[in-house]
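Source file: model-v4.pdb (PDB, C-alpha atoms and all ligand atoms)
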```pdb
ATOM      1  CA  MET S   1     -48.263  22.943 167.567  1.00  0.00           C
ATOM      2  CA  GLN S   2     -44.597  22.135 168.106  1.00  0.00           C
ATOM      3  CA  ALA S   3     -42.978  19.808 165.592  1.00  0.00           C
ATOM      4  CA  ARG S   4     -42.115  16.424 167.063  1.00  0.00           C
ATOM      5  CA  PRO S   5     -38.662  14.996 166.337  1.00  0.00           C
ATOM      6  CA  ASP S   6     -40.104  12.451 163.893  1.00  0.00           C
ATOM      7  CA  ASP S   7     -41.857  15.216 161.931  1.00  0.00           C
ATOM      8  CA  SER S   8     -38.575  16.354 160.372  1.00  0.00           C
ATOM      9  CA  ALA S   9     -38.571  16.650 156.586  1.00  0.00           C
ATOM     10  CA  GLU S  10     -35.937  13.917 156.415  1.00  0.00           C
ATOM     11  CA  SER S  11     -37.963  11.531 158.519  1.00  0.00           C
ATOM     12  CA  LEU S  12     -41.152  12.191 156.524  1.00  0.00           C
ATOM     13  CA  THR S  13     -39.323  11.693 153.229  1.00  0.00           C
ATOM     14  CA  GLY S  14     -38.030   8.347 154.504  1.00  0.00           C
ATOM     15  CA  LEU S  15     -41.447   7.282 155.745  1.00  0.00           C
ATOM     16  CA  LEU S  16     -43.107   8.091 152.412  1.00  0.00           C
ATOM     17  CA  ALA S  17     -40.361   6.278 150.485  1.00  0.00           C
ATOM     18  CA  ASP S  18     -40.849   3.222 152.738  1.00  0.00           C
ATOM     19  CA  GLN S  19     -44.584   3.251 152.087  1.00  0.00           C
ATOM     20  CA  ARG S  20     -44.079   3.432 148.337  1.00  0.00           C
ATOM     21  CA  SER S  21     -41.549   0.604 148.250  1.00  0.00           C
ATOM     22  CA  PHE S  22     -43.631  -1.530 150.610  1.00  0.00           C
ATOM     23  CA  TYR S  23     -46.603  -1.465 148.240  1.00  0.00           C
ATOM     24  CA  GLN S  24     -44.461  -1.873 145.146  1.00  0.00           C
ATOM     25  CA  ALA S  25     -42.908  -5.025 146.641  1.00  0.00           C
ATOM     26  CA  ARG S  26     -46.236  -6.240 147.958  1.00  0.00           C
ATOM     27  CA  ALA S  27     -48.238  -5.665 144.777  1.00  0.00           C
ATOM     28  CA  PRO S  28     -48.399  -9.368 143.838  1.00  0.00           C
ATOM     29  CA  GLU S  29     -49.824 -10.359 147.225  1.00  0.00           C
ATOM     30  CA  TYR S  30     -52.143  -7.397 147.847  1.00  0.00           C
ATOM     31  CA  ASP S  31     -55.075  -9.307 146.370  1.00  0.00           C
ATOM     32  CA  GLN S  32     -54.386 -12.277 148.616  1.00  0.00           C
ATOM     33  CA  TRP S  33     -54.821  -9.927 151.563  1.00  0.00           C
ATOM     34  CA  TRP S  34     -57.962  -8.441 150.027  1.00  0.00           C
ATOM     35  CA  GLN S  35     -59.470 -11.846 149.352  1.00  0.00           C
ATOM     36  CA  ARG S  36     -58.335 -13.339 152.677  1.00  0.00           C
ATOM     37  CA  ARG S  37     -56.354 -16.068 150.922  1.00  0.00           C
ATOM     38  CA  GLY S  38     -53.111 -17.862 151.799  1.00  0.00           C
ATOM     39  CA  ARG S  39     -51.436 -16.430 154.873  1.00  0.00           C
ATOM     40  CA  TYR S  40     -54.237 -13.883 155.140  1.00  0.00           C
ATOM     41  CA  ASP S  41     -56.850 -16.585 155.632  1.00  0.00           C
ATOM     42  CA  ASP S  42     -58.141 -16.146 159.188  1.00  0.00           C
ATOM     43  CA  GLY S  43     -61.018 -18.542 158.754  1.00  0.00           C
ATOM     44  CA  PRO S  44     -64.519 -18.411 157.300  1.00  0.00           C
ATOM     45  CA  GLU S  45     -65.958 -16.077 159.922  1.00  0.00           C
ATOM     46  CA  ASP S  46     -63.297 -13.431 159.312  1.00  0.00           C
ATOM     47  CA  ALA S  47     -63.768 -13.770 155.535  1.00  0.00           C
ATOM     48  CA  ALA S  48     -67.555 -13.528 155.837  1.00  0.00           C
ATOM     49  CA  GLU S  49     -67.337 -10.357 157.913  1.00  0.00           C
ATOM     50  CA  TRP S  50     -64.800  -8.801 155.529  1.00  0.00           C
ATOM     51  CA  ASN S  51     -67.005  -9.674 152.555  1.00  0.00           C
ATOM     52  CA  ARG S  52     -70.056  -8.244 154.306  1.00  0.00           C
ATOM     53  CA  GLN S  53     -68.279  -4.967 154.975  1.00  0.00           C
ATOM     54  CA  THR S  54     -66.668  -4.568 151.557  1.00  0.00           C
ATOM     55  CA  GLN S  55     -69.936  -5.421 149.794  1.00  0.00           C
ATOM     56  CA  ARG S  56     -71.676  -2.780 151.847  1.00  0.00           C
ATOM     57  CA  VAL S  57     -69.120  -0.163 150.798  1.00  0.00           C
ATOM     58  CA  ALA S  58     -69.290  -1.350 147.181  1.00  0.00           C
ATOM     59  CA  GLN S  59     -73.068  -0.883 147.236  1.00  0.00           C
ATOM     60  CA  ALA S  60     -72.624   2.616 148.647  1.00  0.00           C
ATOM     61  CA  VAL S  61     -70.123   3.479 145.895  1.00  0.00           C
ATOM     62  CA  ASP S  62     -72.487   2.107 143.231  1.00  0.00           C
ATOM     63  CA  THR S  63     -75.405   4.055 144.699  1.00  0.00           C
ATOM     64  CA  PHE S  64     -73.305   7.221 144.784  1.00  0.00           C
ATOM     65  CA  GLY S  65     -72.373   6.510 141.157  1.00  0.00           C
ATOM     66  CA  PRO S  66     -69.972   9.370 140.514  1.00  0.00           C
ATOM     67  CA  VAL S  67     -70.369  10.944 137.073  1.00  0.00           C
ATOM     68  CA  GLY S  68     -68.290  13.572 135.290  1.00  0.00           C
ATOM     69  CA  ASP S  69     -64.529  13.674 135.751  1.00  0.00           C
ATOM     70  CA  VAL S  70     -63.444  11.352 138.535  1.00  0.00           C
ATOM     71  CA  LEU S  71     -60.006  11.061 140.159  1.00  0.00           C
ATOM     72  CA  GLU S  72     -59.012   8.050 142.239  1.00  0.00           C
ATOM     73  CA  LEU S  73     -55.947   8.480 144.447  1.00  0.00           C
ATOM     74  CA  ALA S  74     -53.784   5.570 145.660  1.00  0.00           C
ATOM     75  CA  ALA S  75     -56.036   3.296 143.645  1.00  0.00           C
ATOM     76  CA  GLY S  76     -54.189   0.058 144.297  1.00  0.00           C
ATOM     77  CA  THR S  77     -55.144  -3.060 142.379  1.00  0.00           C
ATOM     78  CA  GLY S  78     -58.538  -1.764 141.317  1.00  0.00           C
ATOM     79  CA  TRP S  79     -61.125  -3.093 143.736  1.00  0.00           C
ATOM     80  CA  TRP S  80     -62.817   0.313 143.745  1.00  0.00           C
ATOM     81  CA  THR S  81     -61.663   1.440 140.310  1.00  0.00           C
ATOM     82  CA  GLN S  82     -63.898  -1.215 138.754  1.00  0.00           C
ATOM     83  CA  HIS S  83     -66.920   0.356 140.479  1.00  0.00           C
ATOM     84  CA  LEU S  84     -65.995   3.975 139.683  1.00  0.00           C
ATOM     85  CA  ALA S  85     -65.458   3.061 136.017  1.00  0.00           C
ATOM     86  CA  ARG S  86     -69.125   2.051 135.695  1.00  0.00           C
ATOM     87  CA  THR S  87     -70.449   5.593 135.993  1.00  0.00           C
ATOM     88  CA  ALA S  88     -67.518   8.008 135.584  1.00  0.00           C
ATOM     89  CA  GLY S  89     -67.446  10.113 132.433  1.00  0.00           C
ATOM     90  CA  THR S  90     -63.659  10.124 132.646  1.00  0.00           C
ATOM     91  CA  LEU S  91     -61.610   8.278 135.240  1.00  0.00           C
ATOM     92  CA  THR S  92     -58.028   9.142 136.184  1.00  0.00           C
ATOM     93  CA  VAL S  93     -56.229   6.751 138.502  1.00  0.00           C
ATOM     94  CA  VAL S  94     -53.053   7.629 140.423  1.00  0.00           C
ATOM     95  CA  ASP S  95     -50.746   5.333 142.365  1.00  0.00           C
ATOM     96  CA  SER S  96     -47.009   5.300 143.008  1.00  0.00           C
ATOM     97  CA  SER S  97     -46.659   1.585 142.231  1.00  0.00           C
ATOM     98  CA  ARG S  98     -46.346   0.672 138.564  1.00  0.00           C
ATOM     99  CA  GLU S  99     -46.899  -3.012 139.346  1.00  0.00           C
ATOM    100  CA  THR S 100     -50.032  -2.271 141.336  1.00  0.00           C
ATOM    101  CA  LEU S 101     -51.443  -0.269 138.441  1.00  0.00           C
ATOM    102  CA  ARG S 102     -50.638  -3.108 136.054  1.00  0.00           C
ATOM    103  CA  ILE S 103     -52.889  -5.382 138.115  1.00  0.00           C
ATOM    104  CA  ASN S 104     -55.528  -2.643 138.298  1.00  0.00           C
ATOM    105  CA  ARG S 105     -55.503  -2.262 134.515  1.00  0.00           C
ATOM    106  CA  GLU S 106     -55.967  -6.013 134.090  1.00  0.00           C
ATOM    107  CA  ARG S 107     -58.822  -6.138 136.583  1.00  0.00           C
ATOM    108  CA  VAL S 108     -60.704  -3.151 135.239  1.00  0.00           C
ATOM    109  CA  ALA S 109     -59.992  -3.833 131.556  1.00  0.00           C
ATOM    110  CA  ARG S 110     -61.115  -0.400 130.425  1.00  0.00           C
ATOM    111  CA  PRO S 111     -58.919   1.263 127.819  1.00  0.00           C
ATOM    112  CA  ASP S 112     -60.560   4.613 128.544  1.00  0.00           C
ATOM    113  CA  VAL S 113     -59.201   4.801 132.120  1.00  0.00           C
ATOM    114  CA  THR S 114     -56.120   7.027 132.457  1.00  0.00           C
ATOM    115  CA  TYR S 115     -53.398   5.538 134.672  1.00  0.00           C
ATOM    116  CA  LEU S 116     -50.701   7.728 136.214  1.00  0.00           C
ATOM    117  CA  VAL S 117     -47.710   6.428 138.158  1.00  0.00           C
ATOM    118  CA  ALA S 118     -47.030   9.304 140.569  1.00  0.00           C
ATOM    119  CA  ASP S 119     -46.260  10.189 144.154  1.00  0.00           C
ATOM    120  CA  ILE S 120     -49.376  11.890 145.465  1.00  0.00           C
ATOM    121  CA  PHE S 121     -47.301  14.203 147.659  1.00  0.00           C
ATOM    122  CA  GLY S 122     -45.489  15.644 144.654  1.00  0.00           C
ATOM    123  CA  TRP S 123     -48.127  15.267 141.961  1.00  0.00           C
ATOM    124  CA  ARG S 124     -50.083  18.367 140.968  1.00  0.00           C
ATOM    125  CA  PRO S 125     -53.234  17.893 138.893  1.00  0.00           C
ATOM    126  CA  ASP S 126     -53.450  20.119 135.838  1.00  0.00           C
ATOM    127  CA  ARG S 127     -57.235  20.319 136.025  1.00  0.00           C
ATOM    128  CA  ARG S 128     -60.190  20.110 138.390  1.00  0.00           C
ATOM    129  CA  TYR S 129     -62.227  16.943 139.028  1.00  0.00           C
ATOM    130  CA  ASP S 130     -65.886  16.513 139.943  1.00  0.00           C
ATOM    131  CA  THR S 131     -65.185  13.688 142.379  1.00  0.00           C
ATOM    132  CA  VAL S 132     -62.027  12.612 144.202  1.00  0.00           C
ATOM    133  CA  PHE S 133     -62.159   9.118 145.685  1.00  0.00           C
ATOM    134  CA  PHE S 134     -59.722   7.214 147.880  1.00  0.00           C
ATOM    135  CA  SER S 135     -59.888   4.150 150.071  1.00  0.00           C
ATOM    136  CA  PHE S 136     -57.485   2.785 152.678  1.00  0.00           C
ATOM    137  CA  TRP S 137     -55.366   5.858 152.104  1.00  0.00           C
ATOM    138  CA  LEU S 138     -55.787   8.418 154.885  1.00  0.00           C
ATOM    139  CA  SER S 139     -53.928   6.242 157.378  1.00  0.00           C
ATOM    140  CA  HIS S 140     -50.877   6.590 155.111  1.00  0.00           C
ATOM    141  CA  VAL S 141     -50.854  10.391 155.242  1.00  0.00           C
ATOM    142  CA  PRO S 142     -48.465  11.768 157.876  1.00  0.00           C
ATOM    143  CA  ARG S 143     -50.172  14.387 160.022  1.00  0.00           C
ATOM    144  CA  PRO S 144     -47.883  17.263 158.965  1.00  0.00           C
ATOM    145  CA  LEU S 145     -48.791  16.605 155.312  1.00  0.00           C
ATOM    146  CA  PHE S 146     -52.505  16.185 155.870  1.00  0.00           C
ATOM    147  CA  GLU S 147     -53.591  19.561 154.457  1.00  0.00           C
TER     148      GLU S 147
HETATM  149  C1  LIG A   1     -53.608   0.274 151.348  1.00  0.00           C
HETATM  150  S1  LIG A   1     -53.334   0.426 149.594  1.00  0.00           S
HETATM  151  C2  LIG A   1     -54.982   0.949 149.109  1.00  0.00           C
HETATM  152  C3  LIG A   1     -55.276   0.599 147.679  1.00  0.00           C
HETATM  153  C4  LIG A   1     -56.735   0.804 147.260  1.00  0.00           C
HETATM  154  N1  LIG A   1     -57.170   2.170 147.457  1.00  0.00           N
HETATM  155  C5  LIG A   1     -57.648  -0.159 147.980  1.00  0.00           C
HETATM  156  O1  LIG A   1     -58.549   0.276 148.706  1.00  0.00           O
HETATM  157  O2  LIG A   1     -57.476  -1.384 147.798  1.00  0.00           O
HETATM  158  C6  LIG A   1     -52.410   1.949 149.508  1.00  0.00           C
HETATM  159  C7  LIG A   1     -51.990   2.335 148.090  1.00  0.00           C
HETATM  160  O3  LIG A   1     -51.312   3.584 148.141  1.00  0.00           O
HETATM  161  C8  LIG A   1     -50.262   3.569 147.219  1.00  0.00           C
HETATM  162  N2  LIG A   1     -49.291   4.585 147.668  1.00  0.00           N
HETATM  163  C9  LIG A   1     -48.496   4.557 148.757  1.00  0.00           C
HETATM  164  N3  LIG A   1     -47.795   5.683 148.864  1.00  0.00           N
HETATM  165  C10 LIG A   1     -48.136   6.452 147.789  1.00  0.00           C
HETATM  166  C11 LIG A   1     -47.747   7.733 147.332  1.00  0.00           C
HETATM  167  N4  LIG A   1     -46.873   8.500 147.999  1.00  0.00           N
HETATM  168  N5  LIG A   1     -48.306   8.213 146.188  1.00  0.00           N
HETATM  169  C12 LIG A   1     -49.191   7.454 145.496  1.00  0.00           C
HETATM  170  N6  LIG A   1     -49.620   6.247 145.893  1.00  0.00           N
HETATM  171  C13 LIG A   1     -49.097   5.754 147.023  1.00  0.00           C
HETATM  172  C14 LIG A   1     -49.731   2.165 147.255  1.00  0.00           C
HETATM  173  O4  LIG A   1     -48.996   1.820 146.096  1.00  0.00           O
HETATM  174  C15 LIG A   1     -51.029   1.363 147.426  1.00  0.00           C
HETATM  175  O5  LIG A   1     -51.548   0.955 146.181  1.00  0.00           O
END
```

The structure given in the file should be rewritten as structure tokens.
Ligand SMILES: C[S@@+](CC[C@H](N)C(=O)[O-])C[C@H]1O[C@@H](n2cnc3c(N)ncnc32)[C@H](O)[C@@H]1O
Amino acid sequence: MQARPDDSAESLTGLLADQRSFYQARAPEYDQWWQRRGRYDDGPEDAAEWNRQTQRVAQAVDTFGPVGDVLELAAGTGWWTQHLARTAGTLTVVDSSRETLRINRERVARPDVTYLVADIFGWRPDRRYDTVFFSFWLSHVPRPLFE
């Protein structure tokens, strides 16, 4: 496949930097979005549907109940980390936003979770994991970097 003009290394580097700074700046309001509060409040029907869907996924994660060594990528403020921490033997959490991980740490309140501030596209794990989990992440991966 031919590279498109916006697939240049420079353009991708800029896009990834924008994504990282967007979430770093937005860390304090991410939970408002998640909980449909403030300017993210689109009414009770929207909130009910969102809650129905996220509870369904949460139940699926709990049923899956990953054990062993678990890695969560782009973990955000911990809405899924808190579920993974229930069953994981060890849990390593990676995100590029320090502020986001601070909120995650507060939410999950588990001193045995390992938090790493890192850019997923440059980070290389030094070990293998039994389970790798991510949520709301694939849409942030530019096609040329997908593999
Ligand atoms: C849409 S949020 C998803 C957070 C969480 N997984 C969830 O479901 O709530 C995307 C997350 O990816 C992180 N992120 C963005 N670019 C990243 C990168 N290059 N490396 C690591 N994390 C990144 C952001 O800081 C943010 O926490």

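Minimum atom-to-atom distances from S:Leu91, S:Val108, S:Trp34, S:Val132 to Gln53 of chain S were compared using all atoms listed in the file, and the lowest value belongs to S:Trp34.
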
The PyMOL selection byres (((chain S and resi 114-130) around 8) and not hetatm) on the file shown: which residues, as number ranges by chain? S: 67-71, 73-74, 91-98, 101, 111-113, 131-132

Taking the point (-53.6, -5.6, 149.5) as given in the file, collect each protein or nucleic acid residue that comes within 12 Å of it, counting all atoms listed in the file, and present the set as a VMD selection string. chain S and resid 22 to 37 40 74 to 79 100 103 to 104 135 to 137

Residue selection dump (C-alpha atoms) as a PDB file, keeping the file's coordinate frame:
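Result written to result_22.pdb:
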```
ATOM      1  CA  PHE S  22     -43.631  -1.530 150.610  1.00  0.00           C
ATOM      2  CA  TYR S  23     -46.603  -1.465 148.240  1.00  0.00           C
ATOM      3  CA  GLN S  24     -44.461  -1.873 145.146  1.00  0.00           C
ATOM      4  CA  ALA S  25     -42.908  -5.025 146.641  1.00  0.00           C
ATOM      5  CA  ARG S  26     -46.236  -6.240 147.958  1.00  0.00           C
ATOM      6  CA  ALA S  27     -48.238  -5.665 144.777  1.00  0.00           C
ATOM      7  CA  PRO S  28     -48.399  -9.368 143.838  1.00  0.00           C
ATOM      8  CA  GLU S  29     -49.824 -10.359 147.225  1.00  0.00           C
ATOM      9  CA  TYR S  30     -52.143  -7.397 147.847  1.00  0.00           C
ATOM     10  CA  ASP S  31     -55.075  -9.307 146.370  1.00  0.00           C
ATOM     11  CA  GLN S  32     -54.386 -12.277 148.616  1.00  0.00           C
ATOM     12  CA  TRP S  33     -54.821  -9.927 151.563  1.00  0.00           C
ATOM     13  CA  TRP S  34     -57.962  -8.441 150.027  1.00  0.00           C
ATOM     14  CA  GLN S  35     -59.470 -11.846 149.352  1.00  0.00           C
ATOM     15  CA  ARG S  36     -58.335 -13.339 152.677  1.00  0.00           C
ATOM     16  CA  ARG S  37     -56.354 -16.068 150.922  1.00  0.00           C
ATOM     17  CA  TYR S  40     -54.237 -13.883 155.140  1.00  0.00           C
ATOM     18  CA  ALA S  74     -53.784   5.570 145.660  1.00  0.00           C
ATOM     19  CA  ALA S  75     -56.036   3.296 143.645  1.00  0.00           C
ATOM     20  CA  GLY S  76     -54.189   0.058 144.297  1.00  0.00           C
ATOM     21  CA  THR S  77     -55.144  -3.060 142.379  1.00  0.00           C
ATOM     22  CA  GLY S  78     -58.538  -1.764 141.317  1.00  0.00           C
ATOM     23  CA  TRP S  79     -61.125  -3.093 143.736  1.00  0.00           C
ATOM     24  CA  THR S 100     -50.032  -2.271 141.336  1.00  0.00           C
ATOM     25  CA  ILE S 103     -52.889  -5.382 138.115  1.00  0.00           C
ATOM     26  CA  ASN S 104     -55.528  -2.643 138.298  1.00  0.00           C
ATOM     27  CA  SER S 135     -59.888   4.150 150.071  1.00  0.00           C
ATOM     28  CA  PHE S 136     -57.485   2.785 152.678  1.00  0.00           C
ATOM     29  CA  TRP S 137     -55.366   5.858 152.104  1.00  0.00           C
TER      30      TRP S 137
END
```

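Across S:Ser139, S:Gln19, S:Thr63, S:Ser11, the tightest approach to ligand LIG 1 (chain A) is made by S:Gln19 when counting only C-alpha atoms and all ligand atoms.
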
Given 8 Å on each side, where is the centre and what are the edge lengths in Å to one decimal of the axis-aligned box enclosing the listed atoms of ligand LIG 1 (chain A), as JSON?
```
{"center_x": -52.7, "center_y": 3.6, "center_z": 148.4, "size_x": 27.7, "size_y": 25.9, "size_z": 21.9}
```

Using all atoms listed in the file, which protein or nucleic acid residues come within 8 Å of His83 of chain S? Drop anything in the same chain fewer than 2 positions from it, and give the result as a ChimeraX atom specification. /S:58,61-62,79-81,85-87

Counting only C-alpha atoms and all ligand atoms, figure out which residue out of S:His140, S:Arg105, S:Arg56, S:Arg110 gets nearest to ligand LIG 1 (chain A). S:His140

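Each of S:Ala17, S:Ala48, S:Leu84, S:Val57 was checked against ligand LIG 1 (chain A) using only C-alpha atoms and all ligand atoms; the smallest atom-to-atom distance is that of S:Ala17.
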
Taken to one decimal, the atom CA of Arg20 of chain S-atom CA of Glu147 of chain S distance is 19.7 Å

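Take the candidates S:Arg102, S:Ser21, S:Gly65, S:Arg52 and check each one against Gly89 of chain S using only C-alpha atoms; the shortest distance goes to S:Gly65.
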
Write a file for segment 56-73 of chain S, containing N, CA and C atoms (output as a PDB file, in the first residue's frame).
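Okay, result.pdb is ready:
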```
ATOM      1  N   ARG S  56     -22.023  -3.682  31.547  1.00  0.00           N
ATOM      2  CA  ARG S  56     -21.959  -4.950  30.827  1.00  0.00           C
ATOM      3  C   ARG S  56     -20.496  -5.342  30.566  1.00  0.00           C
ATOM      4  N   VAL S  57     -19.697  -4.356  30.155  1.00  0.00           N
ATOM      5  CA  VAL S  57     -18.280  -4.639  29.908  1.00  0.00           C
ATOM      6  C   VAL S  57     -17.582  -4.978  31.233  1.00  0.00           C
ATOM      7  N   ALA S  58     -17.922  -4.236  32.285  1.00  0.00           N
ATOM      8  CA  ALA S  58     -17.302  -4.509  33.588  1.00  0.00           C
ATOM      9  C   ALA S  58     -17.597  -5.936  34.041  1.00  0.00           C
ATOM     10  N   GLN S  59     -18.838  -6.379  33.807  1.00  0.00           N
ATOM     11  CA  GLN S  59     -19.189  -7.763  34.174  1.00  0.00           C
ATOM     12  C   GLN S  59     -18.373  -8.761  33.364  1.00  0.00           C
ATOM     13  N   ALA S  60     -18.182  -8.443  32.079  1.00  0.00           N
ATOM     14  CA  ALA S  60     -17.398  -9.343  31.218  1.00  0.00           C
ATOM     15  C   ALA S  60     -15.945  -9.404  31.698  1.00  0.00           C
ATOM     16  N   VAL S  61     -15.399  -8.252  32.097  1.00  0.00           N
ATOM     17  CA  VAL S  61     -14.014  -8.232  32.592  1.00  0.00           C
ATOM     18  C   VAL S  61     -13.923  -9.039  33.887  1.00  0.00           C
ATOM     19  N   ASP S  62     -14.907  -8.859  34.773  1.00  0.00           N
ATOM     20  CA  ASP S  62     -14.894  -9.603  36.043  1.00  0.00           C
ATOM     21  C   ASP S  62     -15.030 -11.105  35.798  1.00  0.00           C
ATOM     22  N   THR S  63     -15.872 -11.469  34.835  1.00  0.00           N
ATOM     23  CA  THR S  63     -16.054 -12.895  34.531  1.00  0.00           C
ATOM     24  C   THR S  63     -14.765 -13.473  33.942  1.00  0.00           C
ATOM     25  N   PHE S  64     -14.140 -12.716  33.069  1.00  0.00           N
ATOM     26  CA  PHE S  64     -12.858 -13.132  32.489  1.00  0.00           C
ATOM     27  C   PHE S  64     -11.831 -13.291  33.609  1.00  0.00           C
ATOM     28  N   GLY S  65     -11.791 -12.335  34.514  1.00  0.00           N
ATOM     29  CA  GLY S  65     -10.939 -12.421  35.706  1.00  0.00           C
ATOM     30  C   GLY S  65      -9.506 -12.804  35.420  1.00  0.00           C
ATOM     31  N   PRO S  66      -8.761 -11.950  34.719  1.00  0.00           N
ATOM     32  CA  PRO S  66      -7.397 -12.328  34.361  1.00  0.00           C
ATOM     33  C   PRO S  66      -6.521 -12.588  35.585  1.00  0.00           C
ATOM     34  N   VAL S  67      -5.789 -13.693  35.546  1.00  0.00           N
ATOM     35  CA  VAL S  67      -4.861 -14.017  36.639  1.00  0.00           C
ATOM     36  C   VAL S  67      -3.447 -13.947  36.091  1.00  0.00           C
ATOM     37  N   GLY S  68      -2.460 -14.230  36.914  1.00  0.00           N
ATOM     38  CA  GLY S  68      -1.074 -14.179  36.449  1.00  0.00           C
ATOM     39  C   GLY S  68      -0.618 -12.741  36.290  1.00  0.00           C
ATOM     40  N   ASP S  69       0.313 -12.547  35.358  1.00  0.00           N
ATOM     41  CA  ASP S  69       0.906 -11.216  35.158  1.00  0.00           C
ATOM     42  C   ASP S  69       0.112 -10.472  34.097  1.00  0.00           C
ATOM     43  N   VAL S  70      -0.466  -9.364  34.499  1.00  0.00           N
ATOM     44  CA  VAL S  70      -1.384  -8.616  33.638  1.00  0.00           C
ATOM     45  C   VAL S  70      -0.789  -7.246  33.329  1.00  0.00           C
ATOM     46  N   LEU S  71      -0.910  -6.837  32.067  1.00  0.00           N
ATOM     47  CA  LEU S  71      -0.432  -5.527  31.615  1.00  0.00           C
ATOM     48  C   LEU S  71      -1.630  -4.748  31.078  1.00  0.00           C
ATOM     49  N   GLU S  72      -1.815  -3.537  31.586  1.00  0.00           N
ATOM     50  CA  GLU S  72      -2.862  -2.672  31.041  1.00  0.00           C
ATOM     51  C   GLU S  72      -2.202  -1.486  30.339  1.00  0.00           C
ATOM     52  N   LEU S  73      -2.520  -1.327  29.061  1.00  0.00           N
ATOM     53  CA  LEU S  73      -1.956  -0.238  28.264  1.00  0.00           C
ATOM     54  C   LEU S  73      -2.923   0.929  28.208  1.00  0.00           C
TER      55      LEU S  73
END
```
